[in-house]
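Asks: This is the structure I want to talk about, given as structure tokens.
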Amino acid sequence: MNTRPHIATTGRPQALSATFNQDNSCFSVGLDSGFCVYNADPCNLQISRSLGAGIGVASMLRRANYLALVGGGRSPKFPPNKVIIWDDIKQKAVITLEFRSEVHAVRLSQQRIIVVLIGTVHIYAFSSPPTRLHVFETHDNPLGLVALSSKFLAFPGRTPGHVNIFDLATGIVSIIPAHSTPLSAITISPQGDLLATASETGTLIHVYSTATSRMIRELRRGIDKAVIFSLAISPFSSRLAVTSDKNTLHVFELPSLSSVSQTPVRPSSSHSTASNAPSGDNRRYSMLSKLPLLPKYFSSEWSAAHAPFEGGGRGALGWIGEDSVVAVGIGGKTGEARWEKFVIVEAENGGGVECIREGWRRYLDND
């Protein structure tokens with residue numbers, strides 16, 4: 001999530017951040033003048049709160065009346081080192097948490113408040129007053145990377161490129177050496193069975209089983225460096241959506257865990273061969289991949305479908321069904337905060353699937 005100040009370029013409110021709720025039925029937007037909540041599909045304004053100053057983080061608790069707010073923008077409503085739990089029925093703050101440094105992200109569940117700082121993750125019981133349960137040190141995390149499911153919490157480890165998976169029930173922490181460079185995006189599937197990660201390099205996405213911490217797929221976005229904005233796994237863990245600064249939405253097919261080989265997939269390197277590449281229908285250079293001693297690039301699993309994405313900025317991704325995904329941009333360089341809906345359909349030639357943009361709108365325009 002991008003919580004850095006955004007320079008206003010138009011007369012309309014400027015989006016500072018966008019976050020989906022737990023079931024992707026709504027998304028909340030932090031504005032330079034307050035916050036608002038939209039229905040995910042169709043994109044309709046549900047709540048608009050003008051606070052006269054900026055909200056850099058607005059995170060929902062399902063469709064409940066509680067939101068976590070953090071001040072942001074050129075004129076923050078609240079100090080950026082405070083988390084405000086806002087009761088929208090009472091329209092006032094009911095809980096305040098204060099820290100020594102800027103808050104970069106917040107996630108809520110019915111039992112927990114998760115707060116992400118530049119080098120730590122704090123876990124609180126959702127109570128009044130909140131009780132601090134755990135604190136974990138992380139590598140520098142200016143993007144506020146964190147992913148929460150009903151079973152697990154994922155966040156960067158202390159080593160660049162590593163991911164910690166915290167079991168919310170047992171308190172056990174598993175460490176996954178996902179990448180050799182710092183992370184740029186992470187996500188957990190709604191069912192909590194899969195974790196997907198991307199690094200600053202932006203060419204590969206790794207998919208892991210949360211139960212075993214084994215890599216089950218290595219997916220290739222492209223061969224040139226890119227900034228991965230968002231990752232999202234579909235409700236039944238069959239697909240992964242990816243957006244980047246290449247203005248493209250990629251959709252990858254994911255295997256069912258029951259069909260995955262017990263042999264872990266090894267990450268690619270310039271010296272590795274194709275012998276351990278996952279089998280799949282989206283590998284390019286399939287004939288070359290069978291030859292020994294060639295780089296794993298030739299057996300990489302590429303996206304099953306892709307489509308132009310114009311949302312701009314990091315924003316957020318949310319699946320609203322197994323075949324429909326919504327991308328919410330926060331403007332980026334264009335200053336246009338866009339909502340875009342994509343559907344996955346069978347290709348007309350009968351080979352594979354296609355990704356089609358079914359609709360879009362500038363969601364901050366007057367409703």
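Residue numbering restarts at 1 in every chain; chains get A, B, ... in the order shown in the structure tokens, and ligands count up from 1 in that same order.
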Skipping near chain neighbours, those fewer than 6 positions away, what residues fall within 6 Å of range 86-100 of chain A using only C-alpha atoms, listed as a list in words?

Replies: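 Near range 86-100 of chain A, the qualifying residues are Asn65, Tyr66 and Leu67 of chain A.
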
Asks: Give me the residues near range 218-229 of chain A as a VMD selection string, where near means some atom within 7 Å (using only C-alpha atoms) and where sequence neighbours in that chain fewer than 4 positions away do not count.

Replies: chain A and resid 184 to 185 198 200 to 207 243 to 246 267 300 to 303 314

Asks: Considering only C-alpha atoms, return as JSON, numbers by chain whatever protein or nucleic-acid residues lie within 10 Å of Phe152 in chain A, sequence-local ones (same chain, fewer than 5 positions apart) excluded.

Replies: {"A": [147, 164, 165, 166, 167, 168, 169, 170, 171, 172, 173, 188, 189, 191, 192, 193, 195, 210, 211]}

Asks: Could you pull the residues within 7 Å of Ala105 in chain A, counting only C-alpha atoms, minus those fewer than 4 positions along the same chain, as a PyMOL selection string?

Replies: chain A and resi 57+115-116+144

Asks: For Ser256 in chain A, which residue out of A:Leu194, A:Met215, A:Ala316, A:Ala305 is the nearest one, using only C-alpha atoms?

Replies: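 Among the listed residues, A:Leu194 lies closest to Ser256 in chain A.
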
Asks: Work out how far apart CA of Ala64 in chain A and CA of Gly331 in chain A are and give it in Å to one decimal.

Replies: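 According to the coordinates, CA of Ala64 in chain A and CA of Gly331 in chain A are separated by 27.1 Å.
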
Asks: What parts of range 131-220 of chain A does DSSP call strand (DSSP E or B)? I'd like the answer as a VMD selection string.

Replies: chain A and resid 131 to 137 147 to 148 152 to 156 162 to 167 173 to 177 183 to 188 194 to 199 204 to 209 215 to 220

Asks: What separation in Å, quoted to one decimal, exists between CA of Ser234 in chain A and CA of Asn24 in chain A?

Replies: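 Separating CA of Ser234 in chain A from CA of Asn24 in chain A is a distance of 10.3 Å.
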